[in-house]
Amino acid sequence: MHDFRSLAKALEARGELLRISRPVDSRHELAAVMARLEGDGKAFLFENVKGSKYPLAGGLFNRTERFGLALGRPPGSPYTHADLDRHIEQAKANPVLPRMVSDAPSKAVVLTGSEIRLQDLPVPTFFELDTGAFITAAIGIARNPRTGALNAGFYRTLILGDDIFAINASSLSDLRRFYQHAEQNGEEMSIALAIGVEPSLLFAAACKLPPTVSEFDIAGGIKGAPIEMVKAETSDLPVPANAEFIIEGKVDFSRRVNNVLGEYAGQYGPESAPVTRVVAITHRRDPIFYSIMAGKNPEHNTIGNIATYGIQRDLSAKLLQLSPAIRKIKIFTEPKLGPMVHIVMAIAKTDDEQPKQLIRQAFAAPGSIFPVSRIARRIVIVDEDIDIESLEDVEWAIWTRVADASKVIVIPGMQSWELDRASSEKRGSMRLGIDATMDMADRAALVRPRIPGFDNLRLEDYVGKPPGRSVA
């Protein structure tokens with residue numbers, strides 16, 4: 001299995017990582033080049049970011065098969081989100097506790113006091129209306145104040161000066177609860193950011209786990225070996241021994257800042273966070289800074305999708321209980337569909353009222369992690385002949401089998417989750433249900449054209465090269 005820099009080397013050896021030696025401005029120019037390279041599926045290493053002492057890498061996980069490469073699968077092997085989901089579920093069943101070590105590559109250089117200069121880091125300013133430069137690929141590390149368990153997650157971090165920044169914590173995160181506990185009890189809170197960690201920890205930190213489960217134990221399960229940790233310089237927090245950078249801080253709850261960053265679904269997201277004072281930076285010799293291109297871009301979305309694995313599984317399990325008529329369920333989380341999920345259910349339909357009844361039942365379903373109505377924008381019911389894995393086929397069903405307005409259900413004023421930026425507490429958020437099934441009276445007429453034998457045909461039986469002959 002790879003650590004951060006060995007994965008970058010492996011991608012470069014395969015021609016999948018490009019080095020950019022030309023000087024690049026960290027404000028907007030860097031993000032523009034990052035976005036173009038990601039669009040081509042390339043990882044990248046910027047060797048000369050203006051004003052920075054360090055190179056910047058990114059795009060390592062903008063294709064799902066690189067998850068497999070990072071975890072030791074042969075180069076070029078197919079690897080999907082479903083494969084990683086299974087790997088993570090196995091890790092949950094077989095966690096491996098981290099191991100403390102006394103020395104670590106991440107402690108090769110220690111900076112404190114006046115040596116701390118966050119401005120030396122190649123942190124991009126991504127979008128036009130962003131508040132400033134944001135660290136996007138750091139793993140935030142803190143302790144659960146009630147249990148003492150070590151916790152990790154992704155938290156966007158705004159640079160405010162040479163030794164201060166603001167680590168944002170959404171209302172869905174464990175860190176938000178830790179902040180609230182420390183502030184309400186007047187407690188000092190230590191936090192650390194680890195940048196350039198090994199992939200298994202990156203994947204575990206992206207998971208949505210119960211508060212009693214440590215991401216470091218799951219990361220060890222994913223890796224199949226303990227994650228090596230070393231004591232931080234200024235607190236009792238263990239931090240990853242193999243990280244490229246560790247930034248240690250003390251949270252100051254007397255100061256808060258509002259900030260805005262372009263988010264994964266192609267919209268701006270406002271946040272408010274307490275200010276954190278940086279008390280130490282440690283790093284490897286010749287470290288590489290890691291940045292994930294923010295917004296609606298491939299690496300951000302492939303890693304972010306990990307957080308939805310448990311949500312998708314939970315929603316599917318709850319919805320399957322609604323009716324024996326439900327044959328398959330697909331939950332779409334693509335950013336092109338916005339910040340909320342879209343659910344498609346294929347059913348064995350028995351009457352024309354059944355799909356609409358299922359839609360209403362589905363939106364009322366509680367879910368274990370989120371109520372369905374809070375996280376799902378649209379529910380589409382289709383017949384069994386529709387390929388629900390294909391959005392194109394689902395759209396075909398909508399535009400060929402929905403002729404009457406009564407097959408569309410609009411539910412106004414629903415409570416939404418915070419990433420639904422178009423909603424507000426005053427007006428709520430609408431939900432949409434679509435019965436895209438054939439009417440019972442039309443089932444004989446609306447038959448899809450099929451080629452008998454197509455599904456079992458082997459094309460290689462027809463175009464394979466005959467033995468003993470060559471193509472001129």
# chains A, B, ... in the order shown; residues from 1 in each chain; ligands from 1
$ closest_atom_pairs --of "stretch 215-333 of chain A" --to "stretch 195-202 of chain A" --cutoff "12 Å" --atoms "only C-alpha atoms" --output "tab-separated table"
residue	atom	partner	partner_atom	distance
A:Glu215	CA	A:Leu201	CA	7.3
A:Phe216	CA	A:Leu201	CA	6.7
A:Asp217	CA	A:Leu201	CA	9.2
A:Ile218	CA	A:Leu201	CA	8.0
A:Ala219	CA	A:Leu201	CA	4.8
A:Gly220	CA	A:Ser200	CA	7.3
A:Gly221	CA	A:Ser200	CA	8.5
A:Ile222	CA	A:Ser200	CA	5.8
A:Lys223	CA	A:Ser200	CA	5.7
A:Gly224	CA	A:Ser200	CA	9.4
A:Ala225	CA	A:Ser200	CA	10.2
A:Pro226	CA	A:Ser200	CA	10.5
A:Ile227	CA	A:Leu201	CA	7.9
A:Glu228	CA	A:Glu198	CA	10.3
A:Met229	CA	A:Val197	CA	11.3
A:Val239	CA	A:Val197	CA	10.1
A:Pro240	CA	A:Val197	CA	7.1
A:Ala241	CA	A:Val197	CA	8.8
A:Asn242	CA	A:Val197	CA	6.5
A:Ala243	CA	A:Val197	CA	4.5
A:Glu244	CA	A:Gly196	CA	4.9
A:Phe245	CA	A:Ile195	CA	5.0
A:Ile246	CA	A:Ile195	CA	6.4
A:Ile247	CA	A:Ile195	CA	8.3
A:Glu248	CA	A:Ile195	CA	11.5
A:Ile281	CA	A:Ile195	CA	11.0
A:Thr282	CA	A:Ile195	CA	10.5
A:His283	CA	A:Ile195	CA	9.2
A:Arg284	CA	A:Gly196	CA	10.3
A:Pro287	CA	A:Gly196	CA	8.9
A:Ile288	CA	A:Gly196	CA	7.3
A:Phe289	CA	A:Gly196	CA	6.6
A:Tyr290	CA	A:Gly196	CA	5.5
A:Ser291	CA	A:Ile195	CA	8.5
A:Ile292	CA	A:Gly196	CA	10.7
A:Thr302	CA	A:Leu202	CA	11.9
A:Ile303	CA	A:Leu202	CA	8.5
A:Gly304	CA	A:Leu202	CA	10.7
A:Ile306	CA	A:Leu202	CA	10.2
A:Ala307	CA	A:Leu202	CA	11.5
$ write_last_selection --atoms "C-alpha atoms" --output "mmCIF file, in the first residue's frame"
data_model
loop_
_atom_site.group_PDB
_atom_site.id
_atom_site.type_symbol
_atom_site.label_atom_id
_atom_site.label_comp_id
_atom_site.auth_asym_id
_atom_site.auth_seq_id
_atom_site.Cartn_x
_atom_site.Cartn_y
_atom_site.Cartn_z
ATOM 1 C CA GLU A 215 -11.367 7.114 12.222
ATOM 2 C CA PHE A 216 -7.826 6.039 13.091
ATOM 3 C CA ASP A 217 -9.022 2.533 14.022
ATOM 4 C CA ILE A 218 -10.928 2.277 10.737
ATOM 5 C CA ALA A 219 -7.911 3.594 8.814
ATOM 6 C CA GLY A 220 -5.856 0.792 10.358
ATOM 7 C CA GLY A 221 -8.514 -1.697 9.284
ATOM 8 C CA ILE A 222 -8.431 -0.338 5.726
ATOM 9 C CA LYS A 223 -4.643 -0.532 5.671
ATOM 10 C CA GLY A 224 -4.484 -3.886 7.442
ATOM 11 C CA ALA A 225 -1.855 -2.498 9.825
ATOM 12 C CA PRO A 226 -1.735 0.146 12.559
ATOM 13 C CA ILE A 227 -1.508 3.818 11.612
ATOM 14 C CA GLU A 228 1.711 5.076 13.200
ATOM 15 C CA MET A 229 1.217 8.125 15.419
ATOM 16 C CA VAL A 239 -0.732 12.969 15.063
ATOM 17 C CA PRO A 240 0.149 10.888 11.966
ATOM 18 C CA ALA A 241 3.842 10.058 11.883
ATOM 19 C CA ASN A 242 4.007 9.910 8.071
ATOM 20 C CA ALA A 243 2.170 13.151 7.265
ATOM 21 C CA GLU A 244 3.864 15.788 5.126
ATOM 22 C CA PHE A 245 2.800 18.654 7.447
ATOM 23 C CA ILE A 246 1.293 18.917 10.926
ATOM 24 C CA ILE A 247 -0.149 22.265 12.035
ATOM 25 C CA GLU A 248 -0.973 22.497 15.752
ATOM 26 C CA ILE A 281 4.175 23.576 12.454
ATOM 27 C CA THR A 282 6.156 20.404 11.859
ATOM 28 C CA HIS A 283 6.941 18.777 8.541
ATOM 29 C CA ARG A 284 9.033 16.273 6.642
ATOM 30 C CA PRO A 287 7.632 18.288 2.244
ATOM 31 C CA ILE A 288 4.867 18.337 -0.372
ATOM 32 C CA PHE A 289 1.729 20.337 0.347
ATOM 33 C CA TYR A 290 -1.552 18.668 -0.644
ATOM 34 C CA SER A 291 -4.578 20.584 -1.890
ATOM 35 C CA ILE A 292 -7.950 19.339 -3.124
ATOM 36 C CA THR A 302 -14.700 11.325 -5.462
ATOM 37 C CA ILE A 303 -13.403 11.756 -1.904
ATOM 38 C CA GLY A 304 -16.557 13.509 -0.741
ATOM 39 C CA ILE A 306 -17.136 8.390 0.609
ATOM 40 C CA ALA A 307 -19.207 10.250 3.198
#
$ residues_around --residues "A:Thr157" --least-positions-apart "5" --cutoff "7 Å" --atoms "only C-alpha atoms" --output "PyMOL selection string"
chain A and resi 134-136+165-168
$ write_last_selection --atoms "C-alpha atoms" --output "PDB file, in the first residue's frame"
ATOM      1  CA  PHE A 134      -8.408  27.828   2.056  1.00  0.00           C
ATOM      2  CA  ILE A 135      -6.629  24.659   3.139  1.00  0.00           C
ATOM      3  CA  THR A 136      -8.888  21.906   1.748  1.00  0.00           C
ATOM      4  CA  PHE A 165      -6.703  30.521  10.774  1.00  0.00           C
ATOM      5  CA  ALA A 166     -10.326  29.414  11.122  1.00  0.00           C
ATOM      6  CA  ILE A 167     -11.176  25.715  10.989  1.00  0.00           C
ATOM      7  CA  ASN A 168     -14.808  25.349   9.898  1.00  0.00           C
TER       8      ASN A 168
END
$ closest_residue --among "A:Thr350, A:Ser423, A:Ser373, A:Asn48" --to "A:Ala441" --atoms "only C-alpha atoms"
A:Thr350
$ closest_residue --among "A:Arg73, A:His2, A:Lys9, A:Arg27" --to "A:Phe44" --atoms "only C-alpha atoms"
A:Lys9
$ closest_atom_pairs --of "stretch 176-196 of chain A" --to "stretch 270-274 of chain A" --cutoff "12 Å" --atoms "only C-alpha atoms" --output "CSV"
residue,atom,partner,partner_atom,distance
A:Arg176,CA,A:Ala273,CA,9.3
A:Tyr179,CA,A:Pro274,CA,8.6
A:Gln180,CA,A:Pro274,CA,10.6
A:Ala182,CA,A:Pro274,CA,11.6
A:Glu183,CA,A:Pro274,CA,9.9
A:Met189,CA,A:Pro274,CA,11.2
$ select_by_dssp --residues "stretch 174-360 of chain A" --states "strand (DSSP E)" --output "PDB file with C-alpha atoms, in the first residue's frame"
ATOM      1  CA  MET A 189      -9.215  23.085  23.021  1.00  0.00           C
ATOM      2  CA  SER A 190      -6.238  21.744  21.105  1.00  0.00           C
ATOM      3  CA  ILE A 191      -6.550  20.777  17.464  1.00  0.00           C
ATOM      4  CA  ALA A 192      -4.147  19.649  14.763  1.00  0.00           C
ATOM      5  CA  LEU A 193      -4.274  19.586  10.978  1.00  0.00           C
ATOM      6  CA  ALA A 194      -2.429  16.792   9.175  1.00  0.00           C
ATOM      7  CA  ILE A 195      -1.682  17.434   5.490  1.00  0.00           C
ATOM      8  CA  GLU A 228       1.711   5.076  13.200  1.00  0.00           C
ATOM      9  CA  MET A 229       1.217   8.125  15.419  1.00  0.00           C
ATOM     10  CA  VAL A 230       3.537  10.459  17.281  1.00  0.00           C
ATOM     11  CA  LYS A 231       2.802  12.906  20.107  1.00  0.00           C
ATOM     12  CA  PRO A 238      -1.378  11.945  18.674  1.00  0.00           C
ATOM     13  CA  VAL A 239      -0.732  12.969  15.063  1.00  0.00           C
ATOM     14  CA  PRO A 240       0.149  10.888  11.966  1.00  0.00           C
ATOM     15  CA  PHE A 245       2.800  18.654   7.447  1.00  0.00           C
ATOM     16  CA  ILE A 246       1.293  18.917  10.926  1.00  0.00           C
ATOM     17  CA  ILE A 247      -0.149  22.265  12.035  1.00  0.00           C
ATOM     18  CA  GLU A 248      -0.973  22.497  15.752  1.00  0.00           C
ATOM     19  CA  GLY A 249      -3.387  25.070  17.153  1.00  0.00           C
ATOM     20  CA  LYS A 250      -5.358  26.349  20.137  1.00  0.00           C
ATOM     21  CA  VAL A 251      -8.966  27.367  19.481  1.00  0.00           C
ATOM     22  CA  ASP A 252     -10.002  30.848  20.641  1.00  0.00           C
ATOM     23  CA  PHE A 253     -13.783  30.899  21.131  1.00  0.00           C
ATOM     24  CA  SER A 254     -13.805  34.629  21.883  1.00  0.00           C
ATOM     25  CA  ARG A 255     -13.300  35.398  18.190  1.00  0.00           C
ATOM     26  CA  ARG A 256     -15.340  34.117  15.249  1.00  0.00           C
ATOM     27  CA  VAL A 257     -15.154  34.811  11.520  1.00  0.00           C
ATOM     28  CA  ASN A 258     -17.734  34.386   8.788  1.00  0.00           C
ATOM     29  CA  ASN A 259     -16.368  32.980   5.543  1.00  0.00           C
ATOM     30  CA  VAL A 260     -17.462  31.763   2.123  1.00  0.00           C
ATOM     31  CA  LEU A 261     -16.034  29.061  -0.174  1.00  0.00           C
ATOM     32  CA  GLY A 262     -17.253  27.569  -3.455  1.00  0.00           C
ATOM     33  CA  TYR A 268     -21.085  29.186  -2.481  1.00  0.00           C
ATOM     34  CA  GLY A 269     -21.390  28.037   1.113  1.00  0.00           C
ATOM     35  CA  PRO A 270     -21.243  30.442   4.065  1.00  0.00           C
ATOM     36  CA  GLU A 271     -19.795  29.254   7.386  1.00  0.00           C
ATOM     37  CA  SER A 272     -18.821  30.727  10.738  1.00  0.00           C
ATOM     38  CA  ALA A 273     -15.899  29.422  12.784  1.00  0.00           C
ATOM     39  CA  PRO A 274     -13.823  30.312  15.835  1.00  0.00           C
ATOM     40  CA  VAL A 275     -10.302  31.601  15.269  1.00  0.00           C
ATOM     41  CA  THR A 276      -7.454  29.189  15.959  1.00  0.00           C
ATOM     42  CA  ARG A 277      -3.972  30.350  16.916  1.00  0.00           C
ATOM     43  CA  VAL A 278      -1.180  28.247  15.388  1.00  0.00           C
ATOM     44  CA  VAL A 279       1.381  27.213  18.014  1.00  0.00           C
ATOM     45  CA  ALA A 280       3.585  24.872  15.966  1.00  0.00           C
ATOM     46  CA  ILE A 281       4.175  23.576  12.454  1.00  0.00           C
ATOM     47  CA  THR A 282       6.156  20.404  11.859  1.00  0.00           C
ATOM     48  CA  HIS A 283       6.941  18.777   8.541  1.00  0.00           C
ATOM     49  CA  PHE A 289       1.729  20.337   0.347  1.00  0.00           C
ATOM     50  CA  TYR A 290      -1.552  18.668  -0.644  1.00  0.00           C
ATOM     51  CA  ILE A 326     -39.858  -2.518  -4.818  1.00  0.00           C
ATOM     52  CA  ARG A 327     -37.321  -4.465  -6.856  1.00  0.00           C
ATOM     53  CA  LYS A 328     -34.298  -2.130  -6.984  1.00  0.00           C
ATOM     54  CA  ILE A 329     -33.214   1.203  -5.537  1.00  0.00           C
ATOM     55  CA  LYS A 330     -30.559   3.596  -6.817  1.00  0.00           C
ATOM     56  CA  ILE A 331     -29.474   6.704  -4.921  1.00  0.00           C
ATOM     57  CA  PHE A 332     -27.730   9.334  -7.033  1.00  0.00           C
ATOM     58  CA  VAL A 341     -29.703  13.008  -3.259  1.00  0.00           C
ATOM     59  CA  HIS A 342     -32.090  11.777  -5.952  1.00  0.00           C
ATOM     60  CA  ILE A 343     -33.738   8.393  -5.412  1.00  0.00           C
ATOM     61  CA  VAL A 344     -34.958   6.061  -8.148  1.00  0.00           C
ATOM     62  CA  MET A 345     -37.021   2.966  -7.344  1.00  0.00           C
ATOM     63  CA  ALA A 346     -37.944   0.260  -9.839  1.00  0.00           C
ATOM     64  CA  ILE A 347     -41.158  -1.526  -8.909  1.00  0.00           C
TER      65      ILE A 347
END
$ closest_residue --among "A:Ile386, A:Pro122, A:Ile20, A:Asp351" --to "A:Ser52" --atoms "only C-alpha atoms"
A:Pro122
$ select_by_dssp --residues "stretch 88-313 of chain A" --states "helix (DSSP H, G or I)" --output "ChimeraX atom specification"
/A:88-93,105-107,113-115,118-120,174-184,199-206,215-223,298-313
$ residues_around --residues "stretch 392-398 of chain A" --least-positions-apart "2" --cutoff "12 Å" --atoms "only C-alpha atoms" --output "PyMOL selection string"
chain A and resi 330+332+342-346+379-390+400-405+407-408+433-438+446-448
$ residues_around --residues "A:Arg146" --least-positions-apart "6" --cutoff "12 Å" --atoms "only C-alpha atoms" --output "list in words"
Asp174, Arg177, Phe178, Gln180, His181, Ala182, Asn185, Pro211 and Thr212 of chain A
$ atom_distance --atom1 "atom CA of A:Met34" --atom2 "atom CA of A:Thr125"
11.6 Å
$ residues_around --residues "stretch 311-317 of chain A" --least-positions-apart "2" --cutoff "8 Å" --atoms "only C-alpha atoms" --output "number ranges by chain"
A: 307-309, 319-321, 329-331, 367-370, 372
$ write_last_selection --atoms "C-alpha atoms" --output "PDB file, in the first residue's frame"
ATOM      1  CA  ALA A 307     -19.207  10.250   3.198  1.00  0.00           C
ATOM      2  CA  THR A 308     -22.401   9.153   1.436  1.00  0.00           C
ATOM      3  CA  TYR A 309     -21.723   5.388   1.477  1.00  0.00           C
ATOM      4  CA  LEU A 319     -37.007   2.237   1.608  1.00  0.00           C
ATOM      5  CA  LEU A 320     -36.919  -1.470   0.748  1.00  0.00           C
ATOM      6  CA  GLN A 321     -39.072  -2.069   3.823  1.00  0.00           C
ATOM      7  CA  ILE A 329     -33.214   1.203  -5.537  1.00  0.00           C
ATOM      8  CA  LYS A 330     -30.559   3.596  -6.817  1.00  0.00           C
ATOM      9  CA  ILE A 331     -29.474   6.704  -4.921  1.00  0.00           C
ATOM     10  CA  GLY A 367     -33.909   6.836   8.072  1.00  0.00           C
ATOM     11  CA  SER A 368     -31.300   6.122  10.750  1.00  0.00           C
ATOM     12  CA  ILE A 369     -28.836   8.874   9.819  1.00  0.00           C
ATOM     13  CA  PHE A 370     -31.129  11.425   8.129  1.00  0.00           C
ATOM     14  CA  VAL A 372     -35.473  10.864   3.767  1.00  0.00           C
TER      15      VAL A 372
END
$ closest_residue --among "A:Lys426, A:Val49, A:Ala57, A:Phe203" --to "A:His87" --atoms "only C-alpha atoms"
A:Phe203
$ residues_around --residues "A:Ala422" --least-positions-apart "5" --cutoff "10 Å" --atoms "only C-alpha atoms" --output "PDB file with N, CA and C atoms, in the first residue's frame"
ATOM      1  N   GLN A 267     -21.942  25.824  -5.827  1.00  0.00           N
ATOM      2  CA  GLN A 267     -22.583  26.958  -5.169  1.00  0.00           C
ATOM      3  C   GLN A 267     -21.652  27.452  -4.068  1.00  0.00           C
ATOM      4  N   PRO A 339     -26.943  19.608  -4.375  1.00  0.00           N
ATOM      5  CA  PRO A 339     -26.384  19.154  -3.106  1.00  0.00           C
ATOM      6  C   PRO A 339     -27.184  18.074  -2.397  1.00  0.00           C
ATOM      7  N   SER A 416     -34.773  21.190   5.302  1.00  0.00           N
ATOM      8  CA  SER A 416     -33.679  20.677   4.501  1.00  0.00           C
ATOM      9  C   SER A 416     -32.411  20.641   5.321  1.00  0.00           C
ATOM     10  N   ARG A 427     -38.868  29.776   4.332  1.00  0.00           N
ATOM     11  CA  ARG A 427     -39.648  29.248   3.208  1.00  0.00           C
ATOM     12  C   ARG A 427     -39.479  27.741   3.017  1.00  0.00           C
ATOM     13  N   GLY A 428     -38.533  27.128   3.706  1.00  0.00           N
ATOM     14  CA  GLY A 428     -38.335  25.689   3.562  1.00  0.00           C
ATOM     15  C   GLY A 428     -37.847  25.316   2.170  1.00  0.00           C
ATOM     16  N   SER A 429     -38.074  24.072   1.788  1.00  0.00           N
ATOM     17  CA  SER A 429     -37.542  23.559   0.528  1.00  0.00           C
ATOM     18  C   SER A 429     -38.524  22.553  -0.056  1.00  0.00           C
TER      19      SER A 429
END
$ closest_residue --among "A:Ala10, A:Ala152, A:Asp442, A:Thr333" --to "A:Pro74" --atoms "only C-alpha atoms"
A:Ala10
$ closest_residue --among "A:Ala232, A:Leu129, A:Met293, A:Ala149" --to "A:Ala32" --atoms "only C-alpha atoms"
A:Met293
$ residues_around --residues "A:Arg431" --least-positions-apart "5" --cutoff "10 Å" --atoms "only C-alpha atoms" --output "NGL selection string"
:A and (363 or 373-379 or 409-416)
